[in-house]
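Here's start34.cif, which has mmCIF, C-alpha atoms and all ligand atoms:
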```cif
data_target
#
loop_
_atom_site.label_atom_id
_atom_site.label_comp_id
_atom_site.auth_asym_id
_atom_site.auth_seq_id
_atom_site.Cartn_x
_atom_site.Cartn_y
_atom_site.Cartn_z
CA MET A 1 66.88 37.39 55.89
CA SER A 2 68.24 36.90 59.35
CA TRP A 3 66.18 37.43 62.51
CA ASP A 4 67.11 41.11 62.40
CA ASN A 5 65.17 41.53 59.19
CA ILE A 6 61.98 40.54 60.97
CA ILE A 7 60.44 43.68 62.33
CA GLY A 8 59.79 43.75 66.09
CA LEU A 9 58.49 40.51 67.67
CA GLU A 10 61.49 40.26 70.02
CA ARG A 11 59.67 38.03 72.51
CA GLU A 12 58.55 35.63 69.79
CA LYS A 13 62.05 35.52 68.29
CA SER A 14 63.63 34.68 71.60
CA ILE A 15 61.13 31.87 72.34
CA LEU A 16 62.04 30.24 69.03
CA GLN A 17 65.78 30.81 69.38
CA ARG A 18 65.75 29.29 72.86
CA ALA A 19 63.91 26.25 71.49
CA ILE A 20 66.66 25.73 68.90
CA ILE A 21 69.56 26.30 71.31
CA SER A 22 68.13 23.98 73.94
CA ASN A 23 67.16 21.44 71.29
CA ARG A 24 63.53 21.51 72.40
CA ILE A 25 61.83 22.15 69.12
CA ALA A 26 58.15 21.25 69.32
CA GLN A 27 56.76 18.90 66.73
CA SER A 28 53.96 21.33 65.89
CA TYR A 29 53.57 25.05 66.39
CA LEU A 30 50.64 27.37 66.04
CA PHE A 31 51.53 30.98 65.23
CA TYR A 32 48.49 33.16 65.74
CA GLY A 33 47.88 36.90 65.67
CA ASN A 34 46.67 39.63 63.35
CA GLU A 35 47.41 39.79 59.67
CA GLY A 36 50.59 41.36 58.36
CA ILE A 37 52.75 41.27 61.49
CA GLY A 38 55.29 38.72 60.26
CA LYS A 39 54.08 35.23 61.24
CA LYS A 40 55.03 33.71 57.88
CA ALA A 41 58.37 35.53 57.84
CA MET A 42 59.06 34.14 61.32
CA ALA A 43 58.10 30.57 60.38
CA LEU A 44 60.47 30.68 57.41
CA GLU A 45 63.27 32.19 59.45
CA PHE A 46 62.84 29.46 62.06
CA ALA A 47 62.99 26.70 59.44
CA LYS A 48 65.99 28.35 57.81
CA THR A 49 67.93 28.72 61.06
CA ILE A 50 67.34 25.08 61.99
CA ASN A 51 68.52 23.90 58.56
CA CYS A 52 71.47 26.28 58.24
CA GLN A 53 74.79 24.51 57.63
CA SER A 54 76.89 27.02 59.56
CA PRO A 55 74.68 28.92 62.01
CA ILE A 56 76.13 31.71 64.15
CA VAL A 57 75.56 30.72 67.77
CA ASP A 58 76.17 32.36 71.11
CA GLU A 59 74.74 31.82 74.56
CA ASN A 60 71.27 33.21 73.93
CA SER A 61 70.91 33.47 70.21
CA ILE A 62 71.32 31.52 67.03
CA TYR A 63 71.35 33.09 63.59
CA ALA A 64 71.19 31.56 60.15
CA CYS A 65 74.31 32.39 58.13
CA ASP A 66 72.24 33.47 55.10
CA LYS A 67 75.09 32.30 52.86
CA CYS A 68 75.12 28.50 52.80
CA PRO A 69 73.24 26.59 50.06
CA SER A 70 70.55 25.59 52.57
CA CYS A 71 69.90 29.23 53.59
CA MET A 72 69.79 30.32 49.95
CA GLU A 73 67.24 27.62 49.14
CA MET A 74 65.15 28.54 52.17
CA ASN A 75 65.22 32.20 51.15
CA ASN A 76 63.95 31.48 47.66
CA LEU A 77 61.51 28.82 48.94
CA SER A 78 63.07 25.99 46.91
CA HIS A 79 64.51 23.98 49.83
CA PRO A 80 63.55 20.29 49.60
CA ASN A 81 62.77 20.31 53.33
CA LEU A 82 60.33 23.18 52.98
CA HIS A 83 56.69 22.37 52.25
CA LEU A 84 54.22 25.23 52.01
CA ILE A 85 50.48 24.67 52.04
CA TYR A 86 48.07 27.40 51.05
CA SER A 87 44.63 27.69 49.52
CA ILE A 88 44.49 27.04 45.79
CA PRO A 89 41.51 27.35 43.44
CA ALA A 90 39.18 24.37 43.00
CA GLY A 91 40.28 23.68 39.41
CA LYS A 92 38.61 21.54 36.79
CA ALA A 93 36.38 18.73 38.02
CA SER A 94 37.29 16.51 35.02
CA ASP A 95 40.71 15.81 36.47
CA ALA A 96 39.41 15.44 40.00
CA LYS A 97 40.83 11.96 40.38
CA SER A 98 44.43 13.07 39.92
CA ASP A 99 46.63 12.75 43.02
CA ASN A 100 48.32 16.02 42.34
CA PRO A 101 46.12 18.96 43.43
CA PHE A 102 47.98 21.29 41.05
CA ALA A 103 47.16 19.09 38.05
CA LYS A 104 43.57 20.36 38.18
CA LEU A 105 44.63 23.95 37.66
CA ASP A 106 44.97 25.61 34.28
CA GLU A 107 48.11 27.25 33.00
CA LYS A 108 47.03 30.73 34.02
CA GLN A 109 46.40 29.63 37.60
CA ILE A 110 49.77 27.85 37.80
CA THR A 111 51.51 30.95 36.46
CA GLU A 112 49.78 33.10 39.07
CA ILE A 113 50.91 30.77 41.86
CA GLN A 114 54.50 30.80 40.59
CA GLU A 115 54.50 34.58 40.38
CA GLU A 116 52.94 34.94 43.81
CA LEU A 117 55.59 32.63 45.30
CA LYS A 118 58.34 34.63 43.63
CA VAL A 119 57.04 37.93 45.02
CA PHE A 120 56.63 36.33 48.42
CA SER A 121 60.17 34.88 48.36
CA GLU A 122 61.49 38.40 47.82
CA ASP A 123 59.21 40.03 50.38
CA LYS A 124 58.07 37.85 53.28
CA TYR A 125 55.57 40.54 54.31
CA HIS A 126 53.79 40.32 51.00
CA LYS A 127 50.14 39.35 51.40
CA PHE A 128 50.12 35.90 49.82
CA MET A 129 46.88 35.34 47.95
CA ILE A 130 45.81 33.33 44.90
CA THR A 131 42.72 34.50 42.99
CA GLY A 132 39.62 32.38 43.58
CA SER A 133 41.12 30.23 46.32
CA HIS A 134 39.29 29.77 49.58
CA ASN A 135 40.10 26.27 50.80
CA ILE A 136 42.95 23.96 51.60
CA LYS A 137 41.73 20.58 50.44
CA ILE A 138 42.37 17.03 51.58
CA ASP A 139 44.35 16.14 48.45
CA GLN A 140 46.82 18.92 49.28
CA ILE A 141 47.38 17.40 52.72
CA ARG A 142 47.88 13.95 51.16
CA ASP A 143 50.22 15.41 48.57
CA ILE A 144 52.41 17.00 51.26
CA LYS A 145 52.44 13.81 53.34
CA ARG A 146 53.77 11.99 50.32
CA LYS A 147 56.44 14.60 49.66
CA VAL A 148 57.50 14.69 53.31
CA SER A 149 57.94 10.93 53.40
CA LEU A 150 60.09 11.14 50.27
CA THR A 151 62.44 13.69 51.82
CA SER A 152 62.54 12.29 55.36
CA GLY A 153 65.97 10.74 54.78
CA ALA A 154 67.53 14.06 53.74
CA ALA A 155 69.77 16.14 55.98
CA GLY A 156 68.24 18.69 58.34
CA LYS A 157 64.62 18.89 59.39
CA SER A 158 61.54 19.18 57.24
CA PHE A 159 59.02 21.93 57.79
CA VAL A 160 55.39 21.93 56.73
CA ILE A 161 54.08 25.49 56.97
CA ILE A 162 50.36 26.01 56.51
CA PHE A 163 49.30 29.55 55.60
CA ASN A 164 45.79 30.49 56.77
CA ALA A 165 45.30 27.08 58.34
CA GLU A 166 41.68 27.98 59.13
CA GLU A 167 41.02 27.56 55.40
CA MET A 168 41.45 23.79 55.67
CA THR A 169 38.18 22.05 54.84
CA ARG A 170 36.83 19.82 57.60
CA GLU A 171 38.02 16.82 55.64
CA ALA A 172 41.48 18.33 55.25
CA ALA A 173 41.61 19.26 58.93
CA ASN A 174 40.72 15.71 59.95
CA GLY A 175 43.31 14.31 57.55
CA PHE A 176 45.82 16.72 58.97
CA LEU A 177 44.97 15.71 62.53
CA LYS A 178 46.15 12.18 61.74
CA THR A 179 49.52 13.66 60.78
CA LEU A 180 49.71 15.36 64.15
CA GLU A 181 48.84 12.13 65.92
CA GLU A 182 51.46 10.12 64.06
CA PRO A 183 54.41 12.50 63.87
CA THR A 184 57.10 11.83 61.31
CA GLU A 185 60.61 11.99 62.67
CA ASN A 186 62.50 15.14 61.77
CA THR A 187 59.37 16.83 60.48
CA HIS A 188 57.89 19.91 62.09
CA ILE A 189 54.63 21.64 61.38
CA ILE A 190 53.81 25.32 61.72
CA LEU A 191 50.18 26.35 61.45
CA ILE A 192 49.55 30.01 60.78
CA VAL A 193 46.20 31.60 61.63
CA GLN A 194 44.82 34.94 62.67
CA GLN A 195 42.37 33.59 65.24
CA ARG A 196 43.06 30.26 66.83
CA GLU A 197 39.36 29.77 67.61
CA MET A 198 38.95 29.01 63.91
CA LEU A 199 40.75 25.67 64.35
CA LEU A 200 39.48 22.40 65.79
CA ASN A 201 40.26 21.96 69.48
CA THR A 202 41.78 18.61 68.70
CA ILE A 203 44.33 20.38 66.50
CA LEU A 204 44.95 23.21 68.96
CA SER A 205 45.69 20.86 71.81
CA ARG A 206 48.45 19.19 69.82
CA THR A 207 50.38 22.34 69.04
CA GLN A 208 52.64 24.67 70.93
CA GLN A 209 50.86 27.99 70.60
CA ILE A 210 52.70 31.26 70.19
CA TYR A 211 50.76 34.49 70.13
CA PHE A 212 52.17 37.20 67.86
CA GLU A 213 51.59 40.71 69.15
CA ASP A 214 50.74 43.61 66.86
CA LEU A 215 53.73 45.69 65.90
CA THR A 216 54.10 49.05 67.62
CA ILE A 217 53.93 52.34 65.74
CA ASP A 218 57.67 52.86 66.24
CA GLU A 219 58.52 49.37 64.98
CA ILE A 220 56.51 49.93 61.81
CA LYS A 221 57.91 53.41 61.38
CA ASN A 222 61.51 52.22 61.70
CA GLY A 223 60.82 49.30 59.37
CA LEU A 224 59.48 51.65 56.71
CA VAL A 225 62.35 54.08 57.06
CA SER A 226 64.99 51.36 56.72
CA ARG A 227 63.31 49.50 53.86
CA TYR A 228 61.79 52.26 51.80
CA GLN A 229 63.95 55.24 52.70
CA ILE A 230 60.84 57.36 53.25
CA ASP A 231 61.14 60.24 55.64
CA GLU A 232 60.28 59.80 59.29
CA GLN A 233 57.18 62.00 59.32
CA LYS A 234 55.55 60.16 56.47
CA ALA A 235 56.57 56.80 57.93
CA LYS A 236 55.00 57.66 61.27
CA LEU A 237 51.78 58.70 59.61
CA ILE A 238 51.57 55.41 57.73
CA ALA A 239 52.48 53.48 60.87
CA VAL A 240 49.60 55.05 62.78
CA LEU A 241 47.16 54.02 60.07
CA SER A 242 48.43 50.48 59.69
CA ASN A 243 46.95 49.05 62.89
CA GLY A 244 50.03 47.07 63.79
CA SER A 245 50.37 45.41 60.38
CA PHE A 246 53.55 45.86 58.39
CA THR A 247 51.88 44.40 55.32
CA SER A 248 49.30 47.22 55.39
CA ALA A 249 52.04 49.75 56.00
CA GLN A 250 53.92 48.54 52.94
CA ASN A 251 50.81 48.79 50.82
CA TYR A 252 50.25 52.35 51.97
CA ALA A 253 53.88 53.21 51.30
CA LYS A 254 53.82 51.68 47.82
CA ASN A 255 50.57 53.37 46.85
CA GLN A 256 51.93 56.78 47.80
CA PHE A 257 48.54 57.68 49.14
CA THR A 258 49.98 60.30 51.45
CA ASP A 259 50.11 62.64 48.47
CA LEU A 260 46.46 61.98 47.81
CA ARG A 261 45.89 63.09 51.39
CA ILE A 262 47.34 66.49 50.50
CA GLU A 263 45.08 66.67 47.45
CA LEU A 264 42.02 65.92 49.60
CA ILE A 265 43.01 68.64 52.05
CA GLU A 266 43.54 71.00 49.12
CA ILE A 267 40.02 70.23 47.88
CA PHE A 268 38.75 71.03 51.37
CA ARG A 269 40.36 74.44 50.99
CA THR A 270 38.65 74.87 47.62
CA ALA A 271 35.31 73.93 49.16
CA LEU A 272 35.74 76.64 51.79
CA LYS A 273 36.43 79.42 49.29
CA LYS A 274 34.19 82.45 49.39
CA GLY A 275 32.65 83.16 46.00
CA ALA A 276 32.56 80.72 43.07
CA TYR A 277 34.05 77.38 44.01
CA LYS A 278 31.74 74.69 42.63
CA SER A 279 33.23 74.07 39.20
CA ASP A 280 36.76 74.10 40.63
CA LEU A 281 35.65 71.64 43.29
CA LEU A 282 34.12 69.32 40.72
CA ASP A 283 37.21 69.42 38.48
CA LYS A 284 39.49 68.50 41.35
CA ILE A 285 37.23 65.67 42.49
CA ASN A 286 37.00 64.27 38.96
CA LEU A 287 40.76 64.29 38.63
CA ILE A 288 41.12 62.33 41.86
CA ILE A 289 38.58 59.73 40.75
CA LYS A 290 40.32 59.36 37.42
CA GLU A 291 43.72 58.74 38.96
CA ASN A 292 42.89 56.65 42.03
CA ASP A 293 40.85 53.57 42.79
CA SER A 294 38.35 53.34 45.63
CA LYS A 295 40.83 51.70 48.01
CA GLN A 296 43.31 54.51 47.60
CA ILE A 297 40.59 57.07 48.10
CA ILE A 298 39.42 55.35 51.30
CA SER A 299 42.99 55.35 52.65
CA ALA A 300 43.36 59.02 51.86
CA LEU A 301 40.00 59.83 53.47
CA LEU A 302 41.21 58.12 56.63
CA LEU A 303 44.20 60.44 56.55
CA PHE A 304 42.01 63.44 55.97
CA GLU A 305 40.06 62.35 59.04
CA LEU A 306 43.32 62.14 60.93
CA TRP A 307 44.15 65.66 59.80
CA LEU A 308 40.91 66.88 61.40
CA ARG A 309 41.69 64.94 64.56
CA ASP A 310 45.08 66.64 64.59
CA ALA A 311 43.41 70.05 64.34
CA TYR A 312 41.06 69.09 67.17
CA SER A 313 43.86 67.92 69.43
CA TYR A 314 45.79 71.11 68.64
CA ILE A 315 42.84 73.20 69.84
CA LYS A 316 42.26 71.12 72.94
CA THR A 317 45.88 70.91 74.07
CA ASN A 318 47.12 74.14 72.51
CA SER A 319 50.23 72.23 71.53
CA GLU A 320 51.62 70.51 68.46
CA ASP A 321 52.97 67.51 70.33
CA LYS A 322 50.15 65.17 69.38
CA ILE A 323 49.97 66.11 65.70
CA ILE A 324 50.49 63.09 63.47
CA ASN A 325 50.42 64.90 60.11
CA LEU A 326 53.62 66.66 61.06
CA ASP A 327 54.24 67.99 57.57
CA GLN A 328 50.84 69.69 57.81
CA THR A 329 51.40 71.45 61.14
CA GLU A 330 51.24 74.91 59.58
CA SER A 331 47.95 74.37 57.74
CA ILE A 332 46.42 72.58 60.74
CA ARG A 333 47.30 75.51 62.99
CA LYS A 334 45.88 78.02 60.52
CA PHE A 335 42.65 76.12 60.11
CA ALA A 336 42.19 75.59 63.83
CA ASN A 337 42.83 79.26 64.61
CA TYR A 338 40.55 80.51 61.86
CA PHE A 339 37.53 78.19 62.21
CA THR A 340 37.31 78.19 65.98
CA THR A 341 33.77 76.82 66.28
CA PHE A 342 34.13 74.02 63.73
CA ASP A 343 32.29 70.84 64.75
CA TYR A 344 35.10 68.28 64.40
CA PHE A 345 33.07 65.32 65.58
CA LYS A 346 30.37 65.96 63.03
CA ALA A 347 33.01 66.36 60.30
CA ILE A 348 34.64 63.07 61.21
CA GLU A 349 31.24 61.40 61.19
CA ILE A 350 30.61 62.78 57.69
CA ILE A 351 33.90 61.36 56.43
CA GLU A 352 33.22 58.00 58.02
CA ASN A 353 29.82 57.80 56.41
CA SER A 354 31.42 58.64 53.07
CA ILE A 355 33.88 55.76 53.51
CA ILE A 356 31.02 53.38 54.27
CA SER A 357 29.23 54.52 51.11
CA ILE A 358 32.35 54.03 48.98
CA LYS A 359 32.65 50.50 50.34
CA LYS A 360 29.05 49.91 49.30
CA ASN A 361 29.98 50.96 45.76
CA VAL A 362 27.88 54.10 45.71
CA ASN A 363 29.05 56.54 42.99
CA ILE A 364 32.33 57.97 44.29
CA GLN A 365 31.97 61.32 42.55
CA LEU A 366 28.60 61.85 44.20
CA ILE A 367 29.98 60.82 47.60
CA LEU A 368 32.93 63.18 47.43
CA VAL A 369 30.87 66.14 46.20
CA ASN A 370 28.40 65.56 49.03
CA LEU A 371 31.21 65.16 51.50
CA TYR A 372 32.80 68.49 50.69
CA LEU A 373 29.49 70.33 50.48
CA SER A 374 28.55 68.96 53.91
CA LEU A 375 31.88 70.07 55.34
CA ARG A 376 31.35 73.53 53.82
CA ARG A 377 27.90 73.75 55.45
CA LEU A 378 29.49 72.72 58.72
CA VAL A 379 31.96 75.60 58.48
CA TYR A 380 29.55 78.30 57.38
CA LYS A 381 26.54 76.99 59.33
CA PHE A 382 23.90 77.30 56.66
CA CYS A 383 21.85 74.57 55.08
ZN ZN A 401 73.17 29.02 56.41
#
```

Starting from the file, give its structure as structure tokens.
Amino acid sequence: MSWDNIIGLEREKSILQRAIISNRIAQSYLFYGNEGIGKKAMALEFAKTINCQSPIVDENSIYACDKCPSCMEMNNLSHPNLHLIYSIPAGKASDAKSDNPFAKLDEKQITEIQEELKVFSEDKYHKFMITGSHNIKIDQIRDIKRKVSLTSGAAGKSFVIIFNAEEMTREAANGFLKTLEEPTENTHIILIVQQREMLLNTILSRTQQIYFEDLTIDEIKNGLVSRYQIDEQKAKLIAVLSNGSFTSAQNYAKNQFTDLRIELIEIFRTALKKGAYKSDLLDKINLIIKENDSKQIISALLLFELWLRDAYSYIKTNSEDKIINLDQTESIRKFANYFTTFDYFKAIEIIENSIISIKKNVNIQLILVNLYLSLRRLVYKFC
């Protein structure tokens, strides 16, 4: 992965490239900004570029070659100069005296970590998460200090990258602070957090802070099109829903929820039928519940909401320019022209309340039946 494979973040890339070219690499960095925009990918790219054996350099940019042994090891996370710290589960208390924090974990937990690292090495936008882990503990900090001191004689520069640094326990954070106060030569630290306020001021003041901006809709859209070969309309729709996070966008793209969106709209049509509709409605809802989990249903409901917003904007502007569900333009236009007095705001409120109920684990079948019956009442104005 060269810099070009990191989506957007041009300003952030150029700050880091300039630091390398001018040989002013800070001892410690803090990368902060929302989840899923590429902070980890950037930290790894930075470490890789600095350690590359034959980087491609011009006046304003420096690229890792992505071919040398160092680049290969950085890409698959096995480089001896690369030290990742992330939350791991507490593990068994019986082995609590061991120096190695991983020795306390059972085989299943170790396997999960290995698998998670493998997935992450192949996709740096993957949301890295180990089941049951909430804290970075002091023994992990000690462990890394030991490893760093062992590799300090090696070629290149060592990087300690801390994922979700706010998950350091107070003890770990204080232990870590000592590392910042007594820097090891040729070792750099990158702390990654969403909100910097979550870290001790004493840590913040010792880092060079770089804010990572949310990705734009176009950046996410283009990233999806080039990586997943999905069509532009679908990619734009997902981009709008992803709130600047490429990780979310990927999850949406992989879950293929956009098709569920069409099913939900189809059910809406069923609910609006004159004559007998109830058993058909129930069958369709049951099928959806059988084939999708609550997260997928919530995502699709958000899209359904967006479909209604599209219809509303079509009525207000009398133009299709603002429609996000571009593949649905025809059905949006038909609906808007036919149900001219539909209360869109009330409908959106009904969907939002349904989403809240699903999050609270209320019976999904009941929620969806109520949702569609409420929308039907809204259309035909009877109670
Ligand atoms: Zn290289």

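The nearest approach to Ser87 (chain A) among the residues A:Leu150, A:Val57, A:Leu287, A:Ile162, with all atoms listed in the file taken into account, belongs to A:Ile162.
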
Taking all atoms listed in the file into account, list the residues no farther than 8 Å from ligand ZN 401 (chain A), as a list in words. Lys48, Thr49, Asn51, Cys52, Gln53, Ser54, Pro55, Ala64, Cys65, Asp66, Lys67, Cys68, Pro69, Ser70, Cys71 and Met72 of chain A

Write out as a short mmCIF file (atom, residue, chain, number, x, y, z; two decimals) with C-alpha atoms, in the frame of the given file which residues come within 8 Å of region 189-203 of chain A when counting all atoms listed in the file, dropping same-chain ones fewer than 4 positions away.
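Generated output (part05.cif):
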```cif
data_model
loop_
_atom_site.label_atom_id
_atom_site.label_comp_id
_atom_site.auth_asym_id
_atom_site.auth_seq_id
_atom_site.Cartn_x
_atom_site.Cartn_y
_atom_site.Cartn_z
CA GLN A 27 56.76 18.90 66.73
CA SER A 28 53.96 21.33 65.89
CA TYR A 29 53.57 25.05 66.39
CA LEU A 30 50.64 27.37 66.04
CA PHE A 31 51.53 30.98 65.23
CA TYR A 32 48.49 33.16 65.74
CA GLY A 33 47.88 36.90 65.67
CA ASN A 34 46.67 39.63 63.35
CA GLU A 35 47.41 39.79 59.67
CA LYS A 39 54.08 35.23 61.24
CA LYS A 40 55.03 33.71 57.88
CA ALA A 43 58.10 30.57 60.38
CA PHE A 159 59.02 21.93 57.79
CA VAL A 160 55.39 21.93 56.73
CA ILE A 161 54.08 25.49 56.97
CA ILE A 162 50.36 26.01 56.51
CA PHE A 163 49.30 29.55 55.60
CA ASN A 164 45.79 30.49 56.77
CA ALA A 165 45.30 27.08 58.34
CA GLU A 166 41.68 27.98 59.13
CA ALA A 173 41.61 19.26 58.93
CA LEU A 177 44.97 15.71 62.53
CA LEU A 180 49.71 15.36 64.15
CA THR A 207 50.38 22.34 69.04
#
```

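Residue neighbourhood of region 106-112 of chain A, excluding near-sequence residues (fewer than 2 positions): Pro89, Gly91, Lys92, Phe102, Ala103, Lys104, Gln114, Glu115, Glu116 and Ile130 of chain A, at 8 Å, using only C-alpha atoms.
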
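Between CA of Gln233 (chain A) and CA of Ile350 (chain A) the separation is 26.6 Å.
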
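Rounded to one decimal, CA of Ala41 (chain A) and CA of Leu105 (chain A) lie 27.0 Å from each other.
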
Enter the distance from CA of His134 (chain A) to CA of Phe176 (chain A), in Å, rounded to one decimal. 17.4 Å

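Counting all atoms listed in the file, region 234-245 of chain A has the following residues at most 7 Å away, ignoring those fewer than 3 positions along the same chain: Glu35, Gly36, Ile37, Asp214, Leu215, Thr216, Ile217, Ile220, Lys221, Leu224, Val225, Ile230, Asp231, Ser248, Ala249, Tyr252, Ile324 and Asn325 of chain A.
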
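Using all atoms listed in the file, the nearest neighbour of Glu12 (chain A) within the list A:Arg142, A:Gln209, A:Asn337, A:Val148 is A:Gln209.
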
What are the closest atom pairs, with distances in Å to one decimal, for all residues of region 162-266 of chain A lying within 12 Å of region 359-374 of chain A? Consider all atoms listed in the file, order rows by chain and residue number, and present the result as a tab-separated table.
```
residue	atom	partner	partner_atom	distance
A:Leu264	CA	A:Tyr372	CA	9.6
A:Ile265	CA	A:Tyr372	CA	10.3
A:Glu266	CA	A:Tyr372	CA	11.1
```

I'd like to know which of A:Thr179, A:Phe120, A:Ala300, A:Ala90 is closest to Asn75 (chain A), using only C-alpha atoms. A:Phe120

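With only C-alpha atoms as the atoms that count, the residue of A:Ile297, A:Leu302, A:Leu77, A:Leu272 with the shortest distance to Tyr338 (chain A) is A:Leu272.
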
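Of the residues under consideration (A:Ser299, A:Thr341, A:Asn174, A:Asn76), A:Asn76 shows the shortest atom-to-atom contact distance to Lys124 (chain A) when counting only C-alpha atoms.
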